[in-house]
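The structure appears right after this line, and notes come after that.
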Amino acid sequence: MKGLDALFYWLAVNFTGERYLFYTKVQGLLWSLADIILVFALLKLADAIRKAAGRKTIKIRYGLLLFSALLTPLLIPARSPEHIFFIESLVCGLQFLILASTLASESRGVMEYLANKTARFDRGPAPGRAGGRPNPSPPAETRR
Amino acid sequence: MDFDVFAKIMGLFWTLAEGSILLGLRRIHLKIRLGSGSQPWALALGAALFITLSCFMFRGEPWAASWFAIRRPVDLNFLQHARWSFFCAVWVLLEGLIMIYCLRLHQALKAILAGNLPAPEGLPGPAAGPALAMLTAVLFLGYLYFFWGAVQRLGLQPGHIHRIAFFYIRVCGVFWILFEWVVALTGLAAWRLIKKVEGGAA
């Protein structure tokens with residue numbers, strides 16, 4: 001039996017349902033934790049930019065994130081791949097909704113915030129700061 | 001609702017959500033680099049790809065079976081798993097591209113908040129996205145080719161195919177975790193940057 005055929009055969013015989021369930025739970029917890037952190041970081045980023053613009057801070061989305069975080073430990077007692085899939089659908093579904101809605105609602109504010117920062121370059125360097133770029137236009141870029 | 005239908009709908013939801021996030025990040029990146037976030041071709045291509053993927057999700061197996069004249073139950077079972085393996089590869093690619101854009105945006109944000117203009121792209125450079133797409137395609141097609149060969153040569157049955165396909169999903173999971181942690185840590189770093197600039201009020 002050649003190299004890869006031997007690997008496939010070994011997997012076919014040894015990668016049992018119990019092993020799959022165990023590794024799925026471990027991975028599910030790891031990526032759910034990453035998702036919670038990245039959604040939290042994005043919300044805090046958006047909040048920081050809202051505060052700089054004098055707008056109200058986000059509230060409901062933090063609540064939804066907390067709810068999804070509370071659901072995550074339900075992966076541990078899950079008894080089947082279908083059960084895990086259903087929990088992940090709820091948890092990741094909520095988190096993706098928060099991510100996509102935050103991007104949609106906050107991207108204009110982010111771009112205005114960054115535009116304000118770069119507009120200062122057009123007026124010349126800030127007092128006390130050495131140097132300054134002579135050409136403030138962003139460099140040209142080849143589109144992908 | 002049948003679990004298979006529910007799984008397909010959720011699979012398409014994740015694809016749509018990740019695709020939307022990717023296009024959103026690309027829009028911000030284009031705005032910073034070129035002054036305009038307009039991307040009509042990317043939006044049209046994204047919509048066309050999503051419609052194609054939706055058709056493939058619900059009708060892919062009957063079409064592939066008819067196209068390749070596949071009739072044996074074990075081969076049809078392989079096709080069903082190949083469909084899910086394909087979507088796992090799509091999610092690896094989407095999350096990898098999201099990670100690339102997050103890293104680029106973080107670099108641009110660092111430059112802007114330090115009082116500089118965003119430099120011409122450093123790492124990951126403009127070739128990173130296409131390179132990731134090519135690598136994902138090559139690895140996925142290689143996996144399918146050798147897996148199919150093993151099914152024919154070793155006479156594997158549906159239970160065996162199921163186990164191998166599920167191992168492949170766990171391999172994809174390693175990449176999902178890696179990319180998501182990079183994005184999470186990049187997000188935290190970006191928040192820290194803005195907090196510092198805005199005087200800790202954030």
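In the structure tokens, each chain is lettered A, B, ... as it comes, each chain's residues begin at 1, and ligands are numbered from 1 in order of appearance.
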
key: Expected answer as a ChimeraX atom specification: chain B residues within 8 Å of chain A, only C-alpha atoms   = /B:3,7,10,14,17-18,20-21,24-25,28,31-35,109,112-113,115-120,126,146-147,150,154,156,159-164,166-167,170,173-174,176-177,180-181,183-185,187-188,190-191,194-195,198,201-202

Contact residues around Glu95 of chain B with only C-alpha atoms at 8 Å, ignoring same-chain residues under 2 positions, as a PDB file with N, CA, C and O atoms, in the first residue's frame:
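Below you can see selection-v6.pdb, which holds the result:
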ATOM      1  N   GLU B  18     -19.280  35.614   5.780  1.00  0.00           N
ATOM      2  CA  GLU B  18     -17.828  35.806   5.616  1.00  0.00           C
ATOM      3  C   GLU B  18     -17.517  36.582   4.342  1.00  0.00           C
ATOM      4  O   GLU B  18     -16.626  37.440   4.325  1.00  0.00           O
ATOM      5  N   TRP B  91     -14.353  28.106   3.094  1.00  0.00           N
ATOM      6  CA  TRP B  91     -14.290  28.854   4.355  1.00  0.00           C
ATOM      7  C   TRP B  91     -12.847  29.105   4.788  1.00  0.00           C
ATOM      8  O   TRP B  91     -12.553  30.152   5.352  1.00  0.00           O
ATOM      9  N   VAL B  92     -11.952  28.153   4.537  1.00  0.00           N
ATOM     10  CA  VAL B  92     -10.529  28.385   4.825  1.00  0.00           C
ATOM     11  C   VAL B  92     -10.043  29.580   3.999  1.00  0.00           C
ATOM     12  O   VAL B  92      -9.376  30.489   4.516  1.00  0.00           O
ATOM     13  N   LEU B  93     -10.398  29.600   2.719  1.00  0.00           N
ATOM     14  CA  LEU B  93      -9.961  30.683   1.834  1.00  0.00           C
ATOM     15  C   LEU B  93     -10.542  32.025   2.294  1.00  0.00           C
ATOM     16  O   LEU B  93      -9.811  33.020   2.406  1.00  0.00           O
ATOM     17  N   LEU B  97      -8.383  35.217   3.607  1.00  0.00           N
ATOM     18  CA  LEU B  97      -8.433  36.529   2.957  1.00  0.00           C
ATOM     19  C   LEU B  97      -8.843  37.609   3.959  1.00  0.00           C
ATOM     20  O   LEU B  97      -8.300  38.721   3.946  1.00  0.00           O
ATOM     21  N   ILE B  98      -9.787  37.280   4.853  1.00  0.00           N
ATOM     22  CA  ILE B  98     -10.188  38.228   5.899  1.00  0.00           C
ATOM     23  C   ILE B  98      -8.981  38.550   6.777  1.00  0.00           C
ATOM     24  O   ILE B  98      -8.727  39.709   7.122  1.00  0.00           O
ATOM     25  N   MET B  99      -8.205  37.530   7.124  1.00  0.00           N
ATOM     26  CA  MET B  99      -7.013  37.737   7.940  1.00  0.00           C
ATOM     27  C   MET B  99      -6.023  38.673   7.220  1.00  0.00           C
ATOM     28  O   MET B  99      -5.479  39.600   7.826  1.00  0.00           O
ATOM     29  N   TRP B 176      -8.893  27.388  10.350  1.00  0.00           N
ATOM     30  CA  TRP B 176      -9.900  28.340  10.841  1.00  0.00           C
ATOM     31  C   TRP B 176      -9.441  28.938  12.167  1.00  0.00           C
ATOM     32  O   TRP B 176      -9.511  30.141  12.384  1.00  0.00           O
ATOM     33  N   PHE B 179      -6.320  31.324  11.640  1.00  0.00           N
ATOM     34  CA  PHE B 179      -6.668  32.608  11.026  1.00  0.00           C
ATOM     35  C   PHE B 179      -7.490  33.463  11.990  1.00  0.00           C
ATOM     36  O   PHE B 179      -7.286  34.678  12.086  1.00  0.00           O
ATOM     37  N   GLU B 180      -8.422  32.845  12.709  1.00  0.00           N
ATOM     38  CA  GLU B 180      -9.289  33.622  13.605  1.00  0.00           C
ATOM     39  C   GLU B 180      -8.499  34.180  14.782  1.00  0.00           C
ATOM     40  O   GLU B 180      -8.766  35.306  15.234  1.00  0.00           O
TER      41      GLU B 180
END

All residues 7 Å or closer to segment 77-80 of chain B, only C-alpha atoms, same chain fewer than 4 positions away omitted, as an mmCIF file with N, CA, C and O atoms, in the first residue's frame:
data_model
loop_
_atom_site.group_PDB
_atom_site.id
_atom_site.type_symbol
_atom_site.label_atom_id
_atom_site.label_comp_id
_atom_site.auth_asym_id
_atom_site.auth_seq_id
_atom_site.Cartn_x
_atom_site.Cartn_y
_atom_site.Cartn_z
ATOM 1 N N GLU B 61 -24.516 17.578 -6.250
ATOM 2 C CA GLU B 61 -24.296 16.133 -6.404
ATOM 3 C C GLU B 61 -25.015 15.544 -7.613
ATOM 4 O O GLU B 61 -24.391 14.805 -8.398
ATOM 5 N N PRO B 73 -23.386 3.493 -5.388
ATOM 6 C CA PRO B 73 -23.719 4.190 -4.135
ATOM 7 C C PRO B 73 -22.483 4.708 -3.391
ATOM 8 O O PRO B 73 -22.522 5.818 -2.849
ATOM 9 N N TRP B 84 -19.178 18.872 0.829
ATOM 10 C CA TRP B 84 -18.897 19.518 2.117
ATOM 11 C C TRP B 84 -17.418 19.867 2.245
ATOM 12 O O TRP B 84 -17.068 20.911 2.796
ATOM 13 N N PRO B 158 -18.788 3.458 2.423
ATOM 14 C CA PRO B 158 -19.265 4.767 2.912
ATOM 15 C C PRO B 158 -18.809 5.119 4.334
ATOM 16 O O PRO B 158 -18.475 6.277 4.604
ATOM 17 N N ILE B 161 -15.285 6.387 4.037
ATOM 18 C CA ILE B 161 -15.271 7.706 3.378
ATOM 19 C C ILE B 161 -15.682 8.780 4.382
ATOM 20 O O ILE B 161 -15.078 9.860 4.455
#

message = Based on the backbone DSSP call, show me all residues of segment 31-175 of chain B assigned alpha helix (DSSP H), as a ChimeraX atom specification.
response = /B:31-34,40-67,73-113,128-154,158-175

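With atom CA of Leu30 of chain B on one side and atom CA of Leu193 of chain B on the other, the separation reads 21.1 Å.
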